[in-house]
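Asks: Next up, entry_4.cif (mmCIF, C-alpha atoms and all ligand atoms).
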```cif
data_query
loop_
_atom_site.label_atom_id
_atom_site.label_comp_id
_atom_site.auth_asym_id
_atom_site.auth_seq_id
_atom_site.Cartn_x
_atom_site.Cartn_y
_atom_site.Cartn_z
CA MET K 1 -48.31 31.38 16.82
CA LYS K 2 -44.55 31.57 16.74
CA LEU K 3 -44.33 27.84 17.17
CA PHE K 4 -46.85 27.33 14.38
CA TRP K 5 -44.80 29.38 11.89
CA LEU K 6 -41.64 27.69 12.98
CA ALA K 7 -43.30 24.36 12.28
CA VAL K 8 -44.53 25.56 8.87
CA LEU K 9 -41.09 26.88 7.91
CA THR K 10 -39.30 23.78 9.07
CA CYS K 11 -41.75 21.68 7.16
CA LEU K 12 -41.32 23.73 3.96
CA ALA K 13 -37.58 23.33 4.20
CA CYS K 14 -37.75 19.60 4.73
CA SER K 15 -40.59 18.86 2.34
CA LEU K 16 -38.96 20.57 -0.63
CA GLY K 17 -36.72 17.57 -1.19
CA ALA K 18 -39.46 15.07 -0.38
CA GLN K 19 -41.80 16.72 -2.88
CA ASP K 20 -39.15 16.71 -5.60
CA THR K 21 -38.51 13.05 -4.98
CA ALA K 22 -42.21 12.13 -4.92
CA TYR K 23 -42.76 13.87 -8.26
CA ALA K 24 -39.63 12.18 -9.63
CA ARG K 25 -40.87 8.76 -8.50
CA LYS K 26 -44.21 9.31 -10.20
CA ILE K 27 -42.57 10.32 -13.49
CA ILE K 28 -40.14 7.38 -13.30
CA ASN K 29 -42.94 4.91 -12.48
CA ASP K 30 -45.00 6.19 -15.39
CA LEU K 31 -42.20 6.22 -17.96
CA THR K 32 -41.02 2.73 -17.02
CA SER K 33 -44.51 1.20 -17.22
CA GLU K 34 -45.45 -1.27 -19.95
CA LYS K 35 -47.47 1.38 -21.77
CA PHE K 36 -44.26 3.10 -22.86
CA TYR K 37 -42.62 -0.19 -23.78
CA GLY K 38 -39.05 0.89 -23.05
CA ARG K 39 -39.55 4.18 -24.92
CA GLY K 40 -38.47 2.66 -28.19
CA TYR K 41 -39.66 1.35 -31.48
CA LEU K 42 -42.33 -1.27 -30.80
CA HIS K 43 -45.92 -0.49 -29.72
CA ASN K 44 -45.32 3.25 -30.33
CA GLY K 45 -43.49 3.47 -26.98
CA LEU K 46 -41.34 6.42 -27.99
CA GLY K 47 -44.28 8.36 -29.43
CA LYS K 48 -46.34 7.83 -26.26
CA ALA K 49 -43.43 9.03 -24.11
CA ALA K 50 -43.05 12.16 -26.28
CA SER K 51 -46.77 12.95 -25.82
CA TYR K 52 -46.50 12.35 -22.06
CA ILE K 53 -43.65 14.86 -21.74
CA GLU K 54 -45.41 17.32 -24.04
CA HIS K 55 -48.43 17.10 -21.74
CA GLU K 56 -46.26 17.87 -18.68
CA LEU K 57 -44.88 20.98 -20.40
CA LYS K 58 -48.23 22.14 -21.75
CA SER K 59 -50.21 21.64 -18.55
CA ASN K 60 -47.57 23.66 -16.67
CA GLY K 61 -47.87 26.53 -19.12
CA ILE K 62 -44.33 26.23 -20.49
CA THR K 63 -43.71 27.98 -23.85
CA PRO K 64 -43.13 25.60 -26.79
CA LEU K 65 -39.50 25.58 -27.92
CA PHE K 66 -39.88 24.92 -31.64
CA ASP K 67 -41.74 27.78 -33.30
CA GLY K 68 -45.00 27.24 -31.45
CA LYS K 69 -44.54 23.46 -31.16
CA TYR K 70 -43.18 21.26 -28.40
CA MET K 71 -41.82 18.65 -30.81
CA GLN K 72 -38.97 18.67 -33.31
CA PRO K 73 -39.14 15.65 -35.65
CA PHE K 74 -36.19 13.84 -37.18
CA PHE K 75 -35.76 10.44 -38.84
CA GLN K 76 -33.68 7.45 -37.87
CA THR K 77 -33.09 3.90 -39.08
CA VAL K 78 -33.62 1.22 -36.48
CA ASN K 79 -33.71 -2.59 -36.38
CA THR K 80 -36.59 -4.12 -34.39
CA PHE K 81 -37.62 -7.63 -33.28
CA PRO K 82 -41.43 -7.87 -33.41
CA VAL K 83 -41.32 -11.67 -33.10
CA ILE K 84 -38.61 -13.43 -31.09
CA GLU K 85 -38.74 -17.02 -29.87
CA VAL K 86 -35.77 -19.16 -28.95
CA THR K 87 -35.80 -22.72 -27.62
CA LEU K 88 -32.45 -24.20 -26.66
CA ASN K 89 -31.86 -27.85 -25.74
CA GLY K 90 -35.64 -28.16 -25.54
CA LYS K 91 -36.07 -25.25 -23.10
CA LYS K 92 -38.00 -22.15 -24.10
CA LEU K 93 -35.94 -19.09 -23.18
CA ILE K 94 -37.19 -15.71 -21.99
CA PRO K 95 -35.98 -12.76 -24.08
CA GLY K 96 -34.25 -10.06 -22.08
CA TRP K 97 -33.59 -12.37 -19.12
CA ASP K 98 -32.08 -15.53 -20.62
CA TYR K 99 -30.83 -13.97 -23.83
CA ILE K 100 -30.82 -10.95 -26.12
CA PRO K 101 -30.26 -10.88 -29.87
CA HIS K 102 -27.34 -8.83 -31.11
CA PRO K 103 -29.17 -5.55 -32.00
CA SER K 104 -28.18 -5.80 -35.68
CA SER K 105 -29.15 -9.46 -36.07
CA GLY K 106 -31.10 -10.54 -39.13
CA PRO K 107 -34.25 -12.74 -39.26
CA LEU K 108 -34.02 -16.53 -38.95
CA LYS K 109 -36.44 -19.42 -38.56
CA GLY K 110 -35.81 -23.16 -38.15
CA ARG K 111 -34.00 -25.86 -36.22
CA TYR K 112 -30.22 -25.80 -35.99
CA PRO K 113 -27.60 -27.91 -34.26
CA VAL K 114 -24.83 -25.75 -32.82
CA TYR K 115 -21.20 -26.70 -32.14
CA PRO K 116 -18.48 -25.06 -30.08
CA LYS K 117 -16.15 -22.63 -31.91
CA ASP K 118 -14.41 -21.65 -28.69
CA SER K 119 -15.34 -21.75 -24.99
CA VAL K 120 -17.92 -18.94 -25.31
CA THR K 121 -19.05 -19.25 -28.95
CA TYR K 122 -21.38 -21.87 -30.45
CA ALA K 123 -22.41 -21.80 -34.12
CA SER K 124 -24.55 -23.68 -36.62
CA PRO K 125 -22.58 -25.60 -39.31
CA ARG K 126 -23.10 -22.85 -41.91
CA GLY K 127 -22.61 -20.04 -39.43
CA GLU K 128 -25.99 -18.32 -39.90
CA LEU K 129 -26.71 -18.77 -36.17
CA VAL K 130 -24.26 -17.99 -33.40
CA PHE K 131 -24.66 -18.22 -29.62
CA GLN K 132 -22.34 -16.20 -27.42
CA LEU K 133 -22.10 -16.95 -23.69
CA ARG K 134 -22.07 -13.83 -21.51
CA LYS K 135 -21.83 -13.06 -17.79
CA LYS K 136 -24.12 -10.05 -18.24
CA LEU K 137 -26.51 -9.08 -21.03
CA THR K 138 -26.22 -5.49 -22.23
CA TYR K 139 -28.59 -4.45 -24.99
CA SER K 140 -28.34 -1.46 -27.34
CA VAL K 141 -30.08 -0.18 -30.48
CA GLY K 142 -29.14 -1.50 -33.95
CA ASN K 143 -29.39 0.49 -37.15
CA GLU K 144 -29.00 -2.35 -39.62
CA SER K 145 -30.17 -5.92 -40.17
CA ARG K 146 -27.29 -8.25 -41.06
CA ASN K 147 -27.63 -11.68 -42.60
CA LYS K 148 -26.43 -13.38 -39.45
CA THR K 149 -28.26 -14.05 -36.19
CA ILE K 150 -26.28 -13.69 -33.00
CA ILE K 151 -27.90 -14.68 -29.70
CA GLU K 152 -26.18 -13.57 -26.50
CA LEU K 153 -26.92 -16.03 -23.73
CA ASP K 154 -26.78 -15.29 -19.99
CA LYS K 155 -24.62 -18.17 -18.78
CA THR K 156 -25.50 -17.46 -15.15
CA ARG K 157 -29.11 -18.46 -16.00
CA PHE K 158 -28.64 -20.99 -18.79
CA LYS K 159 -25.97 -23.28 -17.40
CA GLU K 160 -25.95 -26.02 -20.06
CA LEU K 161 -23.85 -25.98 -23.20
CA PRO K 162 -25.88 -25.11 -26.31
CA GLU K 163 -26.57 -28.10 -28.61
CA LYS K 164 -29.94 -27.90 -30.34
CA ALA K 165 -31.70 -24.65 -31.15
CA GLU K 166 -35.12 -23.93 -32.54
CA LEU K 167 -35.98 -20.33 -33.22
CA GLU K 168 -38.11 -17.80 -34.95
CA LEU K 169 -36.83 -14.27 -35.24
CA LYS K 170 -38.70 -11.77 -37.36
CA THR K 171 -36.89 -8.50 -37.74
CA LYS K 172 -38.16 -5.28 -39.17
CA LEU K 173 -35.72 -2.61 -40.23
CA LEU K 174 -37.53 0.72 -39.91
CA ASN K 175 -35.89 2.92 -42.50
CA LYS K 176 -37.63 6.20 -41.83
CA PHE K 177 -38.71 5.97 -38.23
CA LYS K 178 -39.99 9.38 -37.13
CA ALA K 179 -38.74 10.41 -33.69
CA ASN K 180 -39.22 13.73 -31.89
CA ASN K 181 -37.12 15.87 -29.59
CA VAL K 182 -39.45 17.54 -27.10
CA GLY K 183 -38.80 20.96 -25.60
CA GLY K 184 -40.12 24.04 -23.85
CA MET K 185 -38.77 27.28 -22.38
CA ILE K 186 -39.34 29.96 -19.78
CA LYS K 187 -38.31 33.43 -20.91
CA GLY K 188 -35.67 35.13 -18.77
CA THR K 189 -36.64 38.16 -16.68
CA SER K 190 -33.53 40.18 -17.47
CA SER K 191 -31.41 38.55 -20.16
CA ASP K 192 -31.64 36.76 -23.50
CA SER K 193 -28.77 34.48 -22.61
CA ILE K 194 -29.85 30.87 -22.36
CA ILE K 195 -29.43 28.06 -19.85
CA ILE K 196 -30.25 24.58 -21.22
CA PHE K 197 -31.31 21.60 -19.11
CA SER K 198 -31.50 18.39 -21.10
CA ALA K 199 -32.13 14.67 -20.73
CA HIS K 200 -32.81 11.93 -23.26
CA TYR K 201 -36.19 10.24 -22.88
CA ASP K 202 -35.69 7.37 -25.36
CA HIS K 203 -34.38 4.00 -24.21
CA LEU K 204 -33.94 0.60 -25.87
CA GLY K 205 -37.56 -0.34 -26.55
CA GLY K 206 -38.51 -4.00 -26.38
CA LEU K 207 -38.20 -7.50 -27.85
CA GLY K 208 -41.42 -9.07 -29.14
CA ASP K 209 -44.67 -8.65 -27.25
CA HIS K 210 -43.62 -9.51 -23.69
CA THR K 211 -40.20 -8.03 -22.97
CA TYR K 212 -39.26 -4.38 -22.72
CA PHE K 213 -36.35 -2.46 -21.22
CA PRO K 214 -37.76 -0.11 -18.54
CA GLY K 215 -34.77 2.29 -18.40
CA ALA K 216 -35.50 3.71 -14.94
CA ASN K 217 -32.02 5.01 -14.26
CA ASP K 218 -31.32 5.39 -18.00
CA ASN K 219 -32.95 7.84 -18.33
CA ALA K 220 -36.39 8.23 -16.78
CA SER K 221 -34.39 9.60 -13.82
CA GLY K 222 -32.85 12.43 -15.89
CA VAL K 223 -36.20 13.23 -17.53
CA SER K 224 -37.81 13.52 -14.10
CA MET K 225 -35.05 15.86 -12.93
CA VAL K 226 -35.42 18.21 -15.91
CA LEU K 227 -39.18 18.23 -15.25
CA ASN K 228 -38.48 18.98 -11.58
CA LEU K 229 -36.27 21.90 -12.59
CA MET K 230 -39.05 23.07 -14.90
CA GLN K 231 -41.48 22.98 -11.94
CA TYR K 232 -39.05 25.01 -9.85
CA TYR K 233 -38.48 27.74 -12.42
CA LYS K 234 -42.19 27.98 -13.12
CA THR K 235 -42.65 29.41 -9.63
CA HIS K 236 -39.21 31.10 -9.44
CA PRO K 237 -38.90 33.07 -12.73
CA PRO K 238 -35.28 32.73 -13.95
CA LYS K 239 -32.95 35.59 -14.87
CA TYR K 240 -31.85 33.84 -18.07
CA THR K 241 -34.10 32.23 -20.63
CA THR K 242 -34.27 28.63 -19.47
CA VAL K 243 -34.74 25.80 -21.93
CA PHE K 244 -35.88 22.24 -21.09
CA VAL K 245 -35.02 19.70 -23.77
CA PHE K 246 -35.84 15.99 -23.95
CA PHE K 247 -33.88 14.22 -26.67
CA ALA K 248 -34.85 11.11 -28.63
CA GLY K 249 -32.41 8.78 -30.39
CA GLU K 250 -29.71 8.96 -27.72
CA GLU K 251 -29.34 5.19 -27.39
CA ALA K 252 -29.18 4.91 -31.19
CA GLY K 253 -26.11 7.15 -31.37
CA LEU K 254 -26.94 10.60 -29.93
CA LEU K 255 -29.17 11.25 -32.95
CA GLY K 256 -31.72 13.66 -31.47
CA SER K 257 -29.10 15.92 -29.94
CA LEU K 258 -27.14 15.89 -33.20
CA HIS K 259 -30.27 16.99 -35.03
CA LEU K 260 -31.10 19.74 -32.55
CA SER K 261 -27.51 21.01 -32.41
CA GLU K 262 -27.59 21.33 -36.19
CA ASN K 263 -31.10 22.81 -36.26
CA PRO K 264 -31.23 24.88 -33.08
CA PRO K 265 -34.36 26.94 -32.38
CA PHE K 266 -32.08 29.71 -30.99
CA PRO K 267 -28.53 30.84 -31.84
CA LEU K 268 -26.15 28.49 -30.00
CA LYS K 269 -23.84 31.38 -29.17
CA GLN K 270 -26.60 32.74 -26.92
CA VAL K 271 -26.24 29.69 -24.66
CA LYS K 272 -24.48 30.53 -21.43
CA PHE K 273 -24.37 26.97 -20.16
CA MET K 274 -25.90 23.55 -20.78
CA ILE K 275 -26.46 20.85 -18.16
CA ASN K 276 -27.23 17.40 -19.53
CA LEU K 277 -28.64 14.83 -17.10
CA ASP K 278 -28.44 11.11 -17.76
CA LEU K 279 -28.41 8.36 -15.05
CA LEU K 280 -29.47 10.33 -11.97
CA GLY K 281 -31.00 7.54 -9.93
CA THR K 282 -28.20 6.70 -7.47
CA GLY K 283 -25.45 8.76 -5.83
CA ASP K 284 -23.99 6.54 -3.08
CA GLU K 285 -20.58 7.53 -4.47
CA GLY K 286 -21.46 11.07 -5.51
CA ILE K 287 -21.62 12.49 -9.02
CA MET K 288 -19.41 12.59 -12.11
CA VAL K 289 -19.12 15.70 -14.23
CA VAL K 290 -18.12 15.03 -17.84
CA ASN K 291 -16.33 18.15 -19.21
CA GLY K 292 -15.45 19.06 -15.62
CA ALA K 293 -11.80 18.95 -16.67
CA VAL K 294 -12.60 21.13 -19.73
CA PHE K 295 -14.52 23.93 -17.99
CA GLU K 296 -12.27 24.14 -14.93
CA LYS K 297 -13.61 27.44 -13.58
CA GLU K 298 -17.23 26.29 -13.62
CA PHE K 299 -16.25 22.91 -12.20
CA LYS K 300 -14.42 24.51 -9.28
CA ARG K 301 -17.50 26.60 -8.53
CA LEU K 302 -19.72 23.51 -8.57
CA HIS K 303 -17.28 21.57 -6.42
CA ASP K 304 -16.86 24.37 -3.86
CA LEU K 305 -20.61 24.97 -3.69
CA ASN K 306 -21.08 21.32 -2.83
CA ASP K 307 -18.38 21.45 -0.16
CA ALA K 308 -19.91 24.55 1.39
CA GLN K 309 -23.46 23.20 1.37
CA ARG K 310 -22.56 19.56 2.14
CA LEU K 311 -24.90 18.14 -0.48
CA VAL K 312 -23.74 15.12 -2.49
CA TYR K 313 -21.10 12.62 -1.37
CA GLY K 314 -18.50 13.84 -3.88
CA VAL K 315 -18.19 15.87 -7.09
CA ASN K 316 -15.80 14.22 -9.53
CA LYS K 317 -14.58 15.38 -12.92
CA ARG K 318 -13.46 13.89 -16.20
CA GLY K 319 -12.59 15.24 -19.63
CA LYS K 320 -14.73 15.33 -22.72
CA ALA K 321 -16.59 12.21 -23.85
CA ALA K 322 -19.11 11.43 -26.58
CA ASN K 323 -21.19 9.47 -24.10
CA SER K 324 -24.39 11.53 -23.98
CA ASP K 325 -26.25 14.43 -25.60
CA HIS K 326 -24.08 17.30 -24.36
CA TYR K 327 -21.39 16.15 -26.79
CA TRP K 328 -22.49 17.81 -30.04
CA PHE K 329 -23.15 21.06 -28.20
CA SER K 330 -19.77 21.29 -26.51
CA GLU K 331 -18.14 20.35 -29.84
CA LYS K 332 -19.94 23.38 -31.31
CA GLY K 333 -18.58 25.69 -28.62
CA VAL K 334 -21.44 25.57 -26.10
CA PRO K 335 -20.07 25.25 -22.54
CA ALA K 336 -21.71 22.11 -21.18
CA PHE K 337 -21.56 19.61 -18.33
CA PHE K 338 -22.94 16.11 -18.41
CA ILE K 339 -23.76 15.00 -14.87
CA TYR K 340 -24.44 11.41 -13.77
CA THR K 341 -24.65 9.80 -10.35
CA LEU K 342 -22.19 7.14 -9.14
CA GLY K 343 -22.58 3.96 -7.08
CA GLY K 344 -25.72 2.06 -6.18
CA VAL K 345 -27.46 -0.34 -8.53
CA THR K 346 -25.53 -1.97 -11.34
CA ALA K 347 -28.44 -2.58 -13.73
CA TYR K 348 -27.55 -0.99 -17.04
CA HIS K 349 -29.10 -1.48 -20.49
CA ASP K 350 -30.91 -4.56 -19.23
CA VAL K 351 -34.36 -5.61 -18.00
CA ARG K 352 -33.31 -5.03 -14.37
CA ASP K 353 -33.13 -1.23 -14.68
CA ILE K 354 -36.47 -0.78 -12.90
CA SER K 355 -38.03 1.90 -10.70
CA ALA K 356 -38.62 -0.42 -7.70
CA THR K 357 -34.88 -0.84 -7.08
CA LEU K 358 -33.74 2.63 -8.10
CA PRO K 359 -32.76 4.30 -4.82
CA LEU K 360 -32.73 8.03 -5.84
CA THR K 361 -30.08 8.34 -3.10
CA ASP K 362 -28.78 11.81 -3.92
CA TYR K 363 -31.62 12.96 -6.13
CA ALA K 364 -32.84 15.96 -4.11
CA ASP K 365 -29.29 17.06 -3.32
CA VAL K 366 -28.24 16.95 -6.97
CA CYS K 367 -31.29 19.12 -7.76
CA ARG K 368 -30.32 21.62 -5.06
CA LEU K 369 -26.70 21.70 -6.21
CA ILE K 370 -27.70 22.37 -9.83
CA LEU K 371 -30.09 25.16 -8.80
CA LYS K 372 -27.39 26.85 -6.70
CA PHE K 373 -24.82 26.42 -9.46
CA VAL K 374 -27.08 28.00 -12.10
CA ASP K 375 -27.95 30.77 -9.66
CA GLY K 376 -24.30 31.81 -9.74
CA PHE K 377 -24.29 32.72 -13.44
ZN ZN K 401 -28.68 7.29 -21.11
#
```
Can I see the file as structure tokens?
Replies:
Amino acid sequence: MKLFWLAVLTCLACSLGAQDTAYARKIINDLTSEKFYGRGYLHNGLGKAASYIEHELKSNGITPLFDGKYMQPFFQTVNTFPVIEVTLNGKKLIPGWDYIPHPSSGPLKGRYPVYPKDSVTYASPRGELVFQLRKKLTYSVGNESRNKTIIELDKTRFKELPEKAELELKTKLLNKFKANNVGGMIKGTSSDSIIIFSAHYDHLGGLGDHTYFPGANDNASGVSMVLNLMQYYKTHPPKYTTVFVFFAGEEAGLLGSLHLSENPPFPLKQVKFMINLDLLGTGDEGIMVVNGAVFEKEFKRLHDLNDAQRLVYGVNKRGKAANSDHYWFSEKGVPAFFIYTLGGVTAYHDVRDISATLPLTDYADVCRLILKFVDGF
């Protein structure tokens, strides 16, 4: 009997992390699948991802955050590439792998000779088409459509010098694209003060009908961690009201978090602390805490907790940075950390940011550290 309980207890202790990671892997696999098309602006990828997260909140009985609703709409302008075909020197190129368009490129169709402008720039005689040679392709989201087409070429894959191009790029500038922040909350047992956990669920979307950016590390990993925290607090009722927010429009310029920070469903001064999670899929070199150098007392507590519990490889700090969704909140006086993991895979804003190679090295330990840190408030 004794042995049996010992086995059960040991197993509970060890399986906690394994369970968290299995749930995380499922969420990350789902959100990076073709159905969600890079959680962007083609094939309703973003809308499908919002509904997926809403379903997770609803089916777990989490209270809607926005006056009885899980979604908070806002509008953004975004440039998209529904049709994209490029043939260079007679070879058909694969979007995302061989090349990306500059996100604010305009439409163009036809055949063009291109000539060197410098060692990494090739342009058509009138300059409407430009090729730029790159060592790594890094895509982002454009909010305009210029009257110039810039193609960034991966020179590690396309080793010739560009001479003759044939292309068809159809762009569509979506002027009033409707995006949604998604959110839920668990009411605190003894206080109206608020703890916010947040992660952006949008990514870069796709190019045409065959290429999308999966965004496993950025930021299906953070979404899965906020959902994991939600699962935890569902069975461990929190002292403070605990809010779970999933922002849209992050990659387009922190637009969803700007909107929510200006239209908060609760008074911001009630917020005790905010933890924003973005890029949580590695950890071989520990974690970085943005605003760690701003909120020194809280950082020291986090750092010392980690030392005492021997969780992640290292807890590092930096000052403030407008590099994720915590930014607008801390600018408005909300104490906030943005935590990301360090080391591991180098895929970033490209087609290689996939679930299969995302190690989740320190995932369970980061979860544990955050839970212990929040417990100390
Ligand atoms: Zn991100």
Asks: Tell me which protein, DNA and RNA residues are within 9 Å of K:Leu108, counting all atoms listed in the file, leaving out same-chain ones fewer than 6 positions away, and put them as a VMD selection string.
Replies: chain K and resid 128 to 129 147 to 149 167 to 171
Asks: How would the residues just chosen look if you wrote them out with C-alpha atoms as an mmCIF file, in the frame of the given file?
Replies:
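Once written, part.cif looks like this:
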```
data_model
loop_
_atom_site.group_PDB
_atom_site.id
_atom_site.type_symbol
_atom_site.label_atom_id
_atom_site.label_comp_id
_atom_site.auth_asym_id
_atom_site.auth_seq_id
_atom_site.Cartn_x
_atom_site.Cartn_y
_atom_site.Cartn_z
ATOM 1 C CA GLU K 128 -25.990 -18.320 -39.900
ATOM 2 C CA LEU K 129 -26.710 -18.770 -36.170
ATOM 3 C CA ASN K 147 -27.630 -11.680 -42.600
ATOM 4 C CA LYS K 148 -26.430 -13.380 -39.450
ATOM 5 C CA THR K 149 -28.260 -14.050 -36.190
ATOM 6 C CA LEU K 167 -35.980 -20.330 -33.220
ATOM 7 C CA GLU K 168 -38.110 -17.800 -34.950
ATOM 8 C CA LEU K 169 -36.830 -14.270 -35.240
ATOM 9 C CA LYS K 170 -38.700 -11.770 -37.360
ATOM 10 C CA THR K 171 -36.890 -8.500 -37.740
#
```
Asks: In Å, with one decimal, what is the gap from atom CA of K:Ile62 to atom CA of K:Leu227?
Replies: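 Here the two named atoms are 10.9 Å from each other.
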Asks: So, counting only C-alpha atoms, which residue among K:Gly142, K:Arg134, K:Thr87, K:Asn180 is closest to K:Glu163?
Replies: K:Thr87
Asks: Calculate how many Å separate atom CA of K:Ile275 from atom CA of K:Ala50, rounding to one decimal.
Replies: 20.4 Å
Asks: Could you list the protein, DNA and RNA residues that have any atom within 6 Å of ligand ZN 401 (chain K), counting all atoms listed in the file, and write them as an NGL selection string?
Replies: :K and (218-219 or 278)
Asks: Considering only C-alpha atoms, state which residue in the set K:Gly281, K:Gly188, K:Gly333, K:Gly183 is at the smallest distance from K:Thr357.
Replies: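 Among K:Gly281, K:Gly188, K:Gly333, K:Gly183, it is K:Gly281 that comes nearest to K:Thr357.
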